[in-house]
>>> print(open('final.cif').read())   # mmCIF, C-alpha atoms, pLDDT in the B column; chains and numbers go by the auth columns
data_model
loop_
_atom_site.group_PDB
_atom_site.id
_atom_site.type_symbol
_atom_site.label_atom_id
_atom_site.label_comp_id
_atom_site.label_asym_id
_atom_site.label_seq_id
_atom_site.Cartn_x
_atom_site.Cartn_y
_atom_site.Cartn_z
_atom_site.B_iso_or_equiv
_atom_site.auth_seq_id
_atom_site.auth_asym_id
ATOM 1 C CA MET A 1 -75.219 -97.751 -14.154 60.00 814 A
ATOM 2 C CA ALA A 2 -75.245 -99.235 -10.642 61.00 815 A
ATOM 3 C CA VAL A 3 -77.268 -102.395 -10.170 75.00 816 A
ATOM 4 C CA ALA A 4 -77.299 -102.087 -6.400 76.00 817 A
ATOM 5 C CA VAL A 5 -76.015 -99.481 -3.985 75.00 818 A
ATOM 6 C CA ILE A 6 -75.019 -100.407 -0.454 76.00 819 A
ATOM 7 C CA GLN A 7 -74.731 -97.571 2.026 76.00 820 A
ATOM 8 C CA LEU A 8 -72.132 -98.235 4.722 74.00 821 A
ATOM 9 C CA PRO A 9 -71.034 -95.856 7.447 78.00 822 A
ATOM 10 C CA PRO A 10 -67.350 -94.821 7.344 77.00 823 A
ATOM 11 C CA LEU A 11 -64.787 -96.949 9.209 77.00 824 A
ATOM 12 C CA ARG A 12 -64.419 -94.321 11.927 74.00 825 A
ATOM 13 C CA ASP A 13 -68.050 -95.024 12.868 77.00 826 A
ATOM 14 C CA ARG A 14 -67.583 -98.823 12.873 78.00 827 A
ATOM 15 C CA ALA A 15 -64.895 -99.443 15.504 75.00 828 A
ATOM 16 C CA ASN A 16 -66.460 -102.823 16.364 81.00 829 A
ATOM 17 C CA ASP A 17 -65.949 -104.046 12.778 84.00 830 A
ATOM 18 C CA LEU A 18 -62.392 -102.782 12.500 87.00 831 A
ATOM 19 C CA GLY A 19 -60.654 -105.620 14.374 88.00 832 A
ATOM 20 C CA LEU A 20 -62.122 -108.305 12.112 91.00 833 A
ATOM 21 C CA LEU A 21 -61.407 -106.247 9.015 92.00 834 A
ATOM 22 C CA VAL A 22 -57.765 -105.691 10.068 94.00 835 A
ATOM 23 C CA ASP A 23 -57.310 -109.426 10.690 94.00 836 A
ATOM 24 C CA SER A 24 -58.797 -110.295 7.308 95.00 837 A
ATOM 25 C CA LEU A 25 -56.716 -107.719 5.420 95.00 838 A
ATOM 26 C CA LEU A 26 -53.479 -108.716 7.153 96.00 839 A
ATOM 27 C CA SER A 27 -54.216 -112.377 6.443 96.00 840 A
ATOM 28 C CA GLY A 28 -54.632 -111.498 2.760 95.00 841 A
ATOM 29 C CA ILE A 29 -51.381 -109.521 2.724 94.00 842 A
ATOM 30 C CA ASN A 30 -49.546 -112.468 4.296 94.00 843 A
ATOM 31 C CA ALA A 31 -51.061 -114.851 1.725 94.00 844 A
ATOM 32 C CA GLU A 32 -50.015 -112.575 -1.169 90.00 845 A
ATOM 33 C CA SER A 33 -46.465 -112.305 0.157 88.00 846 A
ATOM 34 C CA ARG A 34 -45.741 -115.969 0.966 89.00 847 A
ATOM 35 C CA SER A 35 -43.963 -116.571 -2.354 88.00 848 A
ATOM 36 C CA GLU A 36 -41.636 -113.583 -1.900 83.00 849 A
ATOM 37 C CA PRO A 37 -38.019 -114.287 -0.917 82.00 850 A
ATOM 38 C CA GLY A 38 -37.350 -113.693 2.762 81.00 851 A
ATOM 39 C CA PHE A 39 -41.060 -113.662 3.602 85.00 852 A
ATOM 40 C CA VAL A 40 -41.887 -113.479 7.287 91.00 853 A
ATOM 41 C CA GLU A 41 -45.538 -113.699 8.330 95.00 854 A
ATOM 42 C CA LYS A 42 -46.645 -110.415 9.911 95.00 855 A
ATOM 43 C CA LYS A 43 -48.670 -109.997 13.077 96.00 856 A
ATOM 44 C CA LEU A 44 -49.771 -106.852 14.905 96.00 857 A
ATOM 45 C CA SER A 45 -48.667 -105.920 18.401 95.00 858 A
ATOM 46 C CA ALA A 46 -51.389 -104.810 20.821 94.00 859 A
ATOM 47 C CA GLY A 47 -50.183 -101.205 20.505 93.00 860 A
ATOM 48 C CA ALA A 48 -50.343 -101.350 16.699 93.00 861 A
ATOM 49 C CA ARG A 49 -53.859 -102.806 16.827 93.00 862 A
ATOM 50 C CA ASN A 50 -54.986 -100.048 19.218 90.00 863 A
ATOM 51 C CA LEU A 51 -53.501 -97.397 16.916 89.00 864 A
ATOM 52 C CA LEU A 52 -55.450 -98.828 13.990 90.00 865 A
ATOM 53 C CA ILE A 53 -58.673 -98.732 16.000 87.00 866 A
ATOM 54 C CA ARG A 54 -58.079 -95.139 17.188 85.00 867 A
ATOM 55 C CA HIS A 55 -57.245 -93.781 13.706 84.00 868 A
ATOM 56 C CA GLU A 56 -60.072 -91.967 11.859 81.00 869 A
ATOM 57 C CA TRP A 57 -59.446 -93.567 8.421 79.00 870 A
ATOM 58 C CA PRO A 58 -60.504 -90.732 6.131 73.00 871 A
ATOM 59 C CA GLY A 59 -59.592 -92.960 3.180 67.00 872 A
ATOM 60 C CA ASN A 60 -61.657 -95.835 4.576 79.00 873 A
ATOM 61 C CA VAL A 61 -60.797 -99.439 3.665 85.00 874 A
ATOM 62 C CA ARG A 62 -58.395 -98.515 0.865 83.00 875 A
ATOM 63 C CA GLU A 63 -56.311 -96.381 3.231 85.00 876 A
ATOM 64 C CA LEU A 64 -56.370 -99.123 5.876 90.00 877 A
ATOM 65 C CA LEU A 65 -55.244 -101.765 3.362 89.00 878 A
ATOM 66 C CA ASN A 66 -52.442 -99.569 1.984 87.00 879 A
ATOM 67 C CA THR A 67 -51.262 -98.714 5.503 91.00 880 A
ATOM 68 C CA LEU A 68 -51.119 -102.396 6.430 94.00 881 A
ATOM 69 C CA ARG A 69 -49.233 -103.163 3.205 90.00 882 A
ATOM 70 C CA ARG A 70 -46.676 -100.423 3.893 89.00 883 A
ATOM 71 C CA ALA A 71 -46.210 -101.626 7.467 92.00 884 A
ATOM 72 C CA ALA A 72 -45.770 -105.225 6.284 91.00 885 A
ATOM 73 C CA VAL A 73 -43.149 -104.212 3.712 87.00 886 A
ATOM 74 C CA TRP A 74 -41.249 -101.830 5.988 87.00 887 A
ATOM 75 C CA THR A 75 -41.203 -104.072 9.071 89.00 888 A
ATOM 76 C CA PRO A 76 -38.230 -106.449 8.911 86.00 889 A
ATOM 77 C CA GLY A 77 -39.422 -108.917 11.579 91.00 890 A
ATOM 78 C CA GLY A 78 -42.690 -110.698 12.118 94.00 891 A
ATOM 79 C CA MET A 79 -44.252 -108.263 14.610 96.00 892 A
ATOM 80 C CA ILE A 80 -45.572 -104.906 13.401 95.00 893 A
ATOM 81 C CA SER A 81 -45.151 -102.518 16.331 94.00 894 A
ATOM 82 C CA GLU A 82 -47.017 -99.315 17.036 92.00 895 A
ATOM 83 C CA ASP A 83 -43.957 -97.352 15.828 90.00 896 A
ATOM 84 C CA ASP A 84 -43.816 -99.391 12.596 91.00 897 A
ATOM 85 C CA LEU A 85 -47.484 -98.674 12.006 90.00 898 A
ATOM 86 C CA GLN A 86 -47.079 -94.978 12.827 88.00 899 A
ATOM 87 C CA ASP A 87 -44.368 -94.785 10.131 86.00 900 A
ATOM 88 C CA ALA A 88 -46.724 -96.456 7.641 88.00 901 A
ATOM 89 C CA LEU A 89 -49.611 -94.035 8.264 85.00 902 A
ATOM 90 C CA LEU A 90 -49.726 -91.149 5.831 73.00 903 A
ATOM 91 C CA PRO A 91 -49.803 -87.981 7.939 61.00 904 A
ATOM 92 C CA VAL A 92 -52.868 -86.213 6.587 51.00 905 A
ATOM 93 C CA HIS A 93 -54.577 -83.649 8.789 45.00 906 A
ATOM 94 C CA ASN A 94 -56.455 -80.391 8.546 46.00 907 A
ATOM 95 C CA GLY A 95 -54.547 -77.169 9.049 45.00 908 A
ATOM 96 C CA ALA A 96 -55.673 -74.208 11.138 45.00 909 A
ATOM 97 C CA ALA A 97 -57.787 -72.719 8.355 43.00 910 A
ATOM 98 C CA GLY A 98 -59.344 -76.052 7.401 43.00 911 A
ATOM 99 C CA THR A 99 -56.844 -76.546 4.574 43.00 912 A
ATOM 100 C CA LEU A 100 -55.471 -79.973 3.832 45.00 913 A
ATOM 101 C CA GLN A 101 -51.823 -80.583 4.721 45.00 914 A
ATOM 102 C CA LEU A 102 -49.643 -83.565 3.851 52.00 915 A
ATOM 103 C CA SER A 103 -46.440 -84.313 5.727 51.00 916 A
ATOM 104 C CA GLY A 104 -46.497 -80.939 7.488 54.00 917 A
ATOM 105 C CA HIS A 105 -46.216 -78.913 4.284 52.00 918 A
ATOM 106 C CA SER A 106 -48.563 -75.925 4.335 60.00 919 A
ATOM 107 C CA ILE A 107 -49.982 -74.980 0.935 67.00 920 A
ATOM 108 C CA GLU A 108 -50.278 -71.357 2.083 69.00 921 A
ATOM 109 C CA GLU A 109 -46.481 -71.153 2.306 68.00 922 A
ATOM 110 C CA GLY A 110 -46.039 -72.875 -1.046 74.00 923 A
ATOM 111 C CA VAL A 111 -44.845 -76.410 -1.601 70.00 924 A
ATOM 112 C CA ASP A 112 -42.503 -78.209 -3.953 75.00 925 A
ATOM 113 C CA LEU A 113 -44.983 -80.823 -5.148 78.00 926 A
ATOM 114 C CA SER A 114 -42.499 -82.459 -7.514 79.00 927 A
ATOM 115 C CA GLY A 115 -39.967 -82.712 -4.690 77.00 928 A
ATOM 116 C CA ILE A 116 -42.497 -84.213 -2.273 77.00 929 A
ATOM 117 C CA LEU A 117 -43.670 -86.752 -4.848 81.00 930 A
ATOM 118 C CA GLY A 118 -40.053 -87.534 -5.741 82.00 931 A
ATOM 119 C CA ASP A 119 -39.191 -88.184 -2.088 79.00 932 A
ATOM 120 C CA ILE A 120 -42.162 -90.530 -1.748 84.00 933 A
ATOM 121 C CA ALA A 121 -41.328 -92.363 -4.993 85.00 934 A
ATOM 122 C CA ALA A 122 -37.664 -92.731 -4.015 84.00 935 A
ATOM 123 C CA ARG A 123 -38.583 -94.195 -0.615 84.00 936 A
ATOM 124 C CA TYR A 124 -40.936 -96.767 -2.125 86.00 937 A
ATOM 125 C CA LEU A 125 -38.381 -97.661 -4.805 90.00 938 A
ATOM 126 C CA ARG A 126 -35.643 -98.218 -2.201 86.00 939 A
ATOM 127 C CA ASP A 127 -37.980 -100.227 0.044 85.00 940 A
ATOM 128 C CA ALA A 128 -39.159 -102.449 -2.827 87.00 941 A
ATOM 129 C CA LEU A 129 -35.560 -103.099 -3.905 89.00 942 A
ATOM 130 C CA THR A 130 -34.607 -103.981 -0.334 84.00 943 A
ATOM 131 C CA ILE A 131 -37.561 -106.350 0.118 85.00 944 A
ATOM 132 C CA SER A 132 -36.928 -108.000 -3.259 85.00 945 A
ATOM 133 C CA GLN A 133 -33.176 -108.249 -2.595 87.00 946 A
ATOM 134 C CA ASP A 134 -32.506 -106.031 -5.655 91.00 947 A
ATOM 135 C CA ASN A 135 -34.572 -108.231 -7.967 92.00 948 A
ATOM 136 C CA LYS A 136 -36.014 -105.576 -10.279 94.00 949 A
ATOM 137 C CA THR A 137 -38.799 -107.775 -11.647 93.00 950 A
ATOM 138 C CA LYS A 138 -40.067 -108.524 -8.132 91.00 951 A
ATOM 139 C CA ALA A 139 -39.605 -104.906 -7.014 91.00 952 A
ATOM 140 C CA ALA A 140 -41.616 -103.717 -10.029 91.00 953 A
ATOM 141 C CA LYS A 141 -44.410 -106.133 -9.083 89.00 954 A
ATOM 142 C CA LEU A 142 -44.440 -104.863 -5.482 87.00 955 A
ATOM 143 C CA LEU A 143 -44.832 -101.316 -6.772 88.00 956 A
ATOM 144 C CA GLY A 144 -47.512 -102.147 -9.329 88.00 957 A
ATOM 145 C CA LEU A 145 -45.219 -101.285 -12.244 88.00 958 A
ATOM 146 C CA SER A 146 -45.595 -103.177 -15.517 90.00 959 A
ATOM 147 C CA ASN A 147 -42.036 -104.522 -15.749 91.00 960 A
ATOM 148 C CA TYR A 148 -38.431 -104.177 -14.588 92.00 961 A
ATOM 149 C CA GLN A 149 -37.615 -101.656 -17.335 94.00 962 A
ATOM 150 C CA THR A 150 -40.304 -99.286 -16.043 93.00 963 A
ATOM 151 C CA LEU A 151 -38.785 -99.708 -12.578 93.00 964 A
ATOM 152 C CA SER A 152 -35.328 -98.906 -13.991 94.00 965 A
ATOM 153 C CA ASN A 153 -36.708 -95.746 -15.605 94.00 966 A
ATOM 154 C CA TRP A 154 -38.250 -94.647 -12.296 92.00 967 A
ATOM 155 C CA MET A 155 -34.986 -95.397 -10.480 93.00 968 A
ATOM 156 C CA LYS A 156 -33.085 -93.233 -12.952 92.00 969 A
ATOM 157 C CA LYS A 157 -35.674 -90.432 -12.721 91.00 970 A
ATOM 158 C CA TYR A 158 -35.538 -90.351 -8.895 86.00 971 A
ATOM 159 C CA GLY A 159 -31.820 -91.061 -8.471 89.00 972 A
ATOM 160 C CA VAL A 160 -32.202 -94.457 -6.819 88.00 973 A
ATOM 161 C CA ARG A 161 -29.379 -96.961 -7.257 86.00 974 A
ATOM 162 C CA SER A 162 -29.504 -100.664 -6.530 76.00 975 A
#
>>> encode(input="final.cif", output="structure tokens")
Amino acid sequence: MAVAVIQLPPLRDRANDLGLLVDSLLSGINAESRSEPGFVEKKLSAGARNLLIRHEWPGNVRELLNTLRRAAVWTPGGMISEDDLQDALLPVHNGAAGTLQLSGHSIEEGVDLSGILGDIAARYLRDALTISQDNKTKAAKLLGLSNYQTLSNWMKKYGVRS
């Protein structure tokens, strides 16, 4: 049972709030990552910031936070560029008939869901291993997995080698 309910408009309707929210989320991501080996504090280029403000954010704050986290992990230097951010955005859009499409795969033509999910898992596994310098315990933590053995099982399942 909810004690209190707060109605907030979606992020796409609050462009003026987005800049402060982005700064706060990125600051939190930097703080969480400081203890990681090879940590470099991340900042946003002007182009990346503009892209964030222009995006519709159908997933609201959770999507924004996850996008910033992906960009921070995938960007080797300290400056997240517009291209880095574009790579971190999940390409979700509506198809011609109003159907949802992910990564350009049309459901009407049939999709290999296991293959798509496997590709995504393999990319995150490789990225986490790179960031953690092949430290499986740290890579597992980055991915939200319970321990290094779970990570090893995922690596085996998706054909990822360290």
>>> resolve_selection(input="final.cif", expression="the PyMOL selection byres ((chain A and resi 964) around 10)", output="ChimeraX atom specification")
/A:938,942,949-954,956-963,965-970
>>> write_last_selection(input="final.cif", atoms="C-alpha atoms", output="PDB file, in the frame of the given file")
ATOM      1  CA  LEU A 938     -38.381 -97.661  -4.805  1.00 90.00           C
ATOM      2  CA  LEU A 942     -35.560-103.099  -3.905  1.00 89.00           C
ATOM      3  CA  LYS A 949     -36.014-105.576 -10.279  1.00 94.00           C
ATOM      4  CA  THR A 950     -38.799-107.775 -11.647  1.00 93.00           C
ATOM      5  CA  LYS A 951     -40.067-108.524  -8.132  1.00 91.00           C
ATOM      6  CA  ALA A 952     -39.605-104.906  -7.014  1.00 91.00           C
ATOM      7  CA  ALA A 953     -41.616-103.717 -10.029  1.00 91.00           C
ATOM      8  CA  LYS A 954     -44.410-106.133  -9.083  1.00 89.00           C
ATOM      9  CA  LEU A 956     -44.832-101.316  -6.772  1.00 88.00           C
ATOM     10  CA  GLY A 957     -47.512-102.147  -9.329  1.00 88.00           C
ATOM     11  CA  LEU A 958     -45.219-101.285 -12.244  1.00 88.00           C
ATOM     12  CA  SER A 959     -45.595-103.177 -15.517  1.00 90.00           C
ATOM     13  CA  ASN A 960     -42.036-104.522 -15.749  1.00 91.00           C
ATOM     14  CA  TYR A 961     -38.431-104.177 -14.588  1.00 92.00           C
ATOM     15  CA  GLN A 962     -37.615-101.656 -17.335  1.00 94.00           C
ATOM     16  CA  THR A 963     -40.304 -99.286 -16.043  1.00 93.00           C
ATOM     17  CA  SER A 965     -35.328 -98.906 -13.991  1.00 94.00           C
ATOM     18  CA  ASN A 966     -36.708 -95.746 -15.605  1.00 94.00           C
ATOM     19  CA  TRP A 967     -38.250 -94.647 -12.296  1.00 92.00           C
ATOM     20  CA  MET A 968     -34.986 -95.397 -10.480  1.00 93.00           C
ATOM     21  CA  LYS A 969     -33.085 -93.233 -12.952  1.00 92.00           C
ATOM     22  CA  LYS A 970     -35.674 -90.432 -12.721  1.00 91.00           C
TER      23      LYS A 970
END
>>> closest_residue(input="final.cif", among="A:Arg875, A:Lys856, A:Leu864, A:Leu839", to="Leu824 in chain A", atoms="only C-alpha atoms")
A:Arg875
>>> atom_distance(input="final.cif", atom1="CA of Arg827 in chain A", atom2="CA of Asn863 in chain A")
14.2 Å
>>> closest_residue(input="final.cif", among="A:Ser848, A:Asn873, A:Thr880, A:Asn843", to="Leu831 in chain A", atoms="all atoms listed in the file")
A:Asn873
>>> atom_distance(input="final.cif", atom1="CA of Ile866 in chain A", atom2="CA of Leu955 in chain A")
26.5 Å
>>> residues_around(input="final.cif", residues="Gln899 in chain A", least_positions_apart="4", cutoff="12 Å", atoms="all atoms listed in the file", output="PyMOL selection string")
chain A and resi 860-865+867-868+880-881+883-884+887-888+893-895+903-904
>>> closest_residue(input="final.cif", among="A:Met892, A:Leu926, A:Val874, A:Ile842", to="Leu821 in chain A", atoms="all atoms listed in the file")
A:Val874
>>> axis_aligned_box(input="final.cif", around="range 944-947 of chain A", padding_each_side="8 Å", output="lines of an AutoDock Vina configuration file")
center_x = -35.0
center_y = -107.1
center_z = -2.8
size_x = 21.1
size_y = 18.2
size_z = 21.8
>>> closest_residue(input="final.cif", among="A:Val816, A:Val924, A:Leu838, A:Leu877", to="Ala901 in chain A", atoms="all atoms listed in the file")
A:Leu877
>>> atom_distance(input="final.cif", atom1="CA of Glu869 in chain A", atom2="CA of Arg825 in chain A")
4.9 Å
>>> resolve_selection(input="final.cif", expression="the PyMOL selection byres ((chain A and resi 840) around 12)", output="PDB file with C-alpha atoms, keeping the file's coordinate frame")
ATOM      1  CA  LEU A 833     -62.122-108.305  12.112  1.00 91.00           C
ATOM      2  CA  LEU A 834     -61.407-106.247   9.015  1.00 92.00           C
ATOM      3  CA  VAL A 835     -57.765-105.691  10.068  1.00 94.00           C
ATOM      4  CA  ASP A 836     -57.310-109.426  10.690  1.00 94.00           C
ATOM      5  CA  SER A 837     -58.797-110.295   7.308  1.00 95.00           C
ATOM      6  CA  LEU A 838     -56.716-107.719   5.420  1.00 95.00           C
ATOM      7  CA  LEU A 839     -53.479-108.716   7.153  1.00 96.00           C
ATOM      8  CA  GLY A 841     -54.632-111.498   2.760  1.00 95.00           C
ATOM      9  CA  ILE A 842     -51.381-109.521   2.724  1.00 94.00           C
ATOM     10  CA  ASN A 843     -49.546-112.468   4.296  1.00 94.00           C
ATOM     11  CA  ALA A 844     -51.061-114.851   1.725  1.00 94.00           C
ATOM     12  CA  GLU A 845     -50.015-112.575  -1.169  1.00 90.00           C
ATOM     13  CA  SER A 846     -46.465-112.305   0.157  1.00 88.00           C
ATOM     14  CA  ARG A 847     -45.741-115.969   0.966  1.00 89.00           C
ATOM     15  CA  GLU A 854     -45.538-113.699   8.330  1.00 95.00           C
ATOM     16  CA  LYS A 855     -46.645-110.415   9.911  1.00 95.00           C
ATOM     17  CA  LYS A 856     -48.670-109.997  13.077  1.00 96.00           C
ATOM     18  CA  LEU A 857     -49.771-106.852  14.905  1.00 96.00           C
ATOM     19  CA  LEU A 878     -55.244-101.765   3.362  1.00 89.00           C
ATOM     20  CA  LEU A 881     -51.119-102.396   6.430  1.00 94.00           C
ATOM     21  CA  ARG A 882     -49.233-103.163   3.205  1.00 90.00           C
ATOM     22  CA  ALA A 885     -45.770-105.225   6.284  1.00 91.00           C
TER      23      ALA A 885
END
>>> closest_residue(input="final.cif", among="A:Ser975, A:Gln820, A:Asn948, A:Thr943", to="Val886 in chain A", atoms="all atoms listed in the file")
A:Thr943
>>> closest_residue(input="final.cif", among="A:Pro871, A:Gly851, A:Gly923, A:Gly928", to="Gly891 in chain A", atoms="only C-alpha atoms")
A:Gly851
>>> decode(input="final.cif", residues="range 937-965 of chain A", atoms="N, CA and C atoms", output="PDB file, in the first residue's frame")
ATOM      1  N   TYR A 937      28.367  -6.781 -22.979  1.00  0.00           N
ATOM      2  CA  TYR A 937      28.532  -6.308 -21.612  1.00  0.00           C
ATOM      3  C   TYR A 937      29.607  -7.112 -20.876  1.00  0.00           C
ATOM      4  N   LEU A 938      29.643  -8.412 -21.092  1.00  0.00           N
ATOM      5  CA  LEU A 938      30.667  -9.244 -20.457  1.00  0.00           C
ATOM      6  C   LEU A 938      32.067  -8.798 -20.882  1.00  0.00           C
ATOM      7  N   ARG A 939      32.261  -8.617 -22.191  1.00  0.00           N
ATOM      8  CA  ARG A 939      33.576  -8.183 -22.693  1.00  0.00           C
ATOM      9  C   ARG A 939      33.944  -6.805 -22.142  1.00  0.00           C
ATOM     10  N   ASP A 940      32.978  -5.884 -22.137  1.00  0.00           N
ATOM     11  CA  ASP A 940      33.251  -4.533 -21.640  1.00  0.00           C
ATOM     12  C   ASP A 940      33.616  -4.557 -20.156  1.00  0.00           C
ATOM     13  N   ALA A 941      32.890  -5.333 -19.359  1.00  0.00           N
ATOM     14  CA  ALA A 941      33.170  -5.402 -17.924  1.00  0.00           C
ATOM     15  C   ALA A 941      34.550  -6.012 -17.673  1.00  0.00           C
ATOM     16  N   LEU A 942      34.912  -7.024 -18.446  1.00  0.00           N
ATOM     17  CA  LEU A 942      36.241  -7.629 -18.297  1.00  0.00           C
ATOM     18  C   LEU A 942      37.340  -6.643 -18.695  1.00  0.00           C
ATOM     19  N   THR A 943      37.091  -5.857 -19.723  1.00  0.00           N
ATOM     20  CA  THR A 943      38.074  -4.861 -20.145  1.00  0.00           C
ATOM     21  C   THR A 943      38.254  -3.803 -19.055  1.00  0.00           C
ATOM     22  N   ILE A 944      37.148  -3.265 -18.570  1.00  0.00           N
ATOM     23  CA  ILE A 944      37.190  -2.217 -17.542  1.00  0.00           C
ATOM     24  C   ILE A 944      37.861  -2.727 -16.272  1.00  0.00           C
ATOM     25  N   SER A 945      37.583  -3.971 -15.908  1.00  0.00           N
ATOM     26  CA  SER A 945      38.133  -4.538 -14.669  1.00  0.00           C
ATOM     27  C   SER A 945      39.513  -5.157 -14.866  1.00  0.00           C
ATOM     28  N   GLN A 946      40.059  -5.033 -16.065  1.00  0.00           N
ATOM     29  CA  GLN A 946      41.364  -5.606 -16.402  1.00  0.00           C
ATOM     30  C   GLN A 946      41.382  -7.112 -16.123  1.00  0.00           C
ATOM     31  N   ASP A 947      40.309  -7.782 -16.578  1.00  0.00           N
ATOM     32  CA  ASP A 947      40.115  -9.235 -16.453  1.00  0.00           C
ATOM     33  C   ASP A 947      39.995  -9.731 -15.014  1.00  0.00           C
ATOM     34  N   ASN A 948      39.674  -8.850 -14.084  1.00  0.00           N
ATOM     35  CA  ASN A 948      39.404  -9.265 -12.718  1.00  0.00           C
ATOM     36  C   ASN A 948      37.933  -9.682 -12.661  1.00  0.00           C
ATOM     37  N   LYS A 949      37.705 -10.992 -12.566  1.00  0.00           N
ATOM     38  CA  LYS A 949      36.339 -11.517 -12.655  1.00  0.00           C
ATOM     39  C   LYS A 949      35.451 -11.068 -11.501  1.00  0.00           C
ATOM     40  N   THR A 950      36.004 -10.925 -10.315  1.00  0.00           N
ATOM     41  CA  THR A 950      35.204 -10.469  -9.180  1.00  0.00           C
ATOM     42  C   THR A 950      34.695  -9.049  -9.424  1.00  0.00           C
ATOM     43  N   LYS A 951      35.585  -8.180  -9.903  1.00  0.00           N
ATOM     44  CA  LYS A 951      35.186  -6.793 -10.186  1.00  0.00           C
ATOM     45  C   LYS A 951      34.243  -6.724 -11.385  1.00  0.00           C
ATOM     46  N   ALA A 952      34.486  -7.538 -12.404  1.00  0.00           N
ATOM     47  CA  ALA A 952      33.603  -7.556 -13.573  1.00  0.00           C
ATOM     48  C   ALA A 952      32.207  -8.021 -13.165  1.00  0.00           C
ATOM     49  N   ALA A 953      32.141  -9.034 -12.317  1.00  0.00           N
ATOM     50  CA  ALA A 953      30.837  -9.526 -11.837  1.00  0.00           C
ATOM     51  C   ALA A 953      30.093  -8.415 -11.108  1.00  0.00           C
ATOM     52  N   LYS A 954      30.809  -7.653 -10.286  1.00  0.00           N
ATOM     53  CA  LYS A 954      30.184  -6.543  -9.553  1.00  0.00           C
ATOM     54  C   LYS A 954      29.645  -5.492 -10.519  1.00  0.00           C
ATOM     55  N   LEU A 955      30.439  -5.152 -11.550  1.00  0.00           N
ATOM     56  CA  LEU A 955      29.978  -4.165 -12.534  1.00  0.00           C
ATOM     57  C   LEU A 955      28.687  -4.601 -13.211  1.00  0.00           C
ATOM     58  N   LEU A 956      28.544  -5.900 -13.408  1.00  0.00           N
ATOM     59  CA  LEU A 956      27.382  -6.434 -14.120  1.00  0.00           C
ATOM     60  C   LEU A 956      26.218  -6.791 -13.199  1.00  0.00           C
ATOM     61  N   GLY A 957      26.406  -6.609 -11.903  1.00  0.00           N
ATOM     62  CA  GLY A 957      25.341  -6.928 -10.958  1.00  0.00           C
ATOM     63  C   GLY A 957      25.179  -8.423 -10.735  1.00  0.00           C
ATOM     64  N   LEU A 958      26.231  -9.190 -11.018  1.00  0.00           N
ATOM     65  CA  LEU A 958      26.200 -10.634 -10.796  1.00  0.00           C
ATOM     66  C   LEU A 958      26.691 -10.930  -9.383  1.00  0.00           C
ATOM     67  N   SER A 959      26.231 -12.044  -8.812  1.00  0.00           N
ATOM     68  CA  SER A 959      26.501 -12.318  -7.403  1.00  0.00           C
ATOM     69  C   SER A 959      27.959 -12.632  -7.091  1.00  0.00           C
ATOM     70  N   ASN A 960      28.683 -13.243  -8.036  1.00  0.00           N
ATOM     71  CA  ASN A 960      30.082 -13.575  -7.765  1.00  0.00           C
ATOM     72  C   ASN A 960      30.806 -13.917  -9.065  1.00  0.00           C
ATOM     73  N   TYR A 961      32.124 -14.156  -8.949  1.00  0.00           N
ATOM     74  CA  TYR A 961      32.924 -14.418 -10.147  1.00  0.00           C
ATOM     75  C   TYR A 961      32.534 -15.731 -10.819  1.00  0.00           C
ATOM     76  N   GLN A 962      32.050 -16.708 -10.046  1.00  0.00           N
ATOM     77  CA  GLN A 962      31.662 -17.985 -10.651  1.00  0.00           C
ATOM     78  C   GLN A 962      30.441 -17.805 -11.558  1.00  0.00           C
ATOM     79  N   THR A 963      29.495 -16.979 -11.132  1.00  0.00           N
ATOM     80  CA  THR A 963      28.337 -16.685 -11.982  1.00  0.00           C
ATOM     81  C   THR A 963      28.807 -16.018 -13.265  1.00  0.00           C
ATOM     82  N   LEU A 964      29.756 -15.085 -13.140  1.00  0.00           N
ATOM     83  CA  LEU A 964      30.332 -14.441 -14.322  1.00  0.00           C
ATOM     84  C   LEU A 964      30.973 -15.489 -15.240  1.00  0.00           C
ATOM     85  N   SER A 965      31.741 -16.401 -14.664  1.00  0.00           N
ATOM     86  CA  SER A 965      32.387 -17.452 -15.465  1.00  0.00           C
ATOM     87  C   SER A 965      31.357 -18.299 -16.203  1.00  0.00           C
TER      88      SER A 965
END
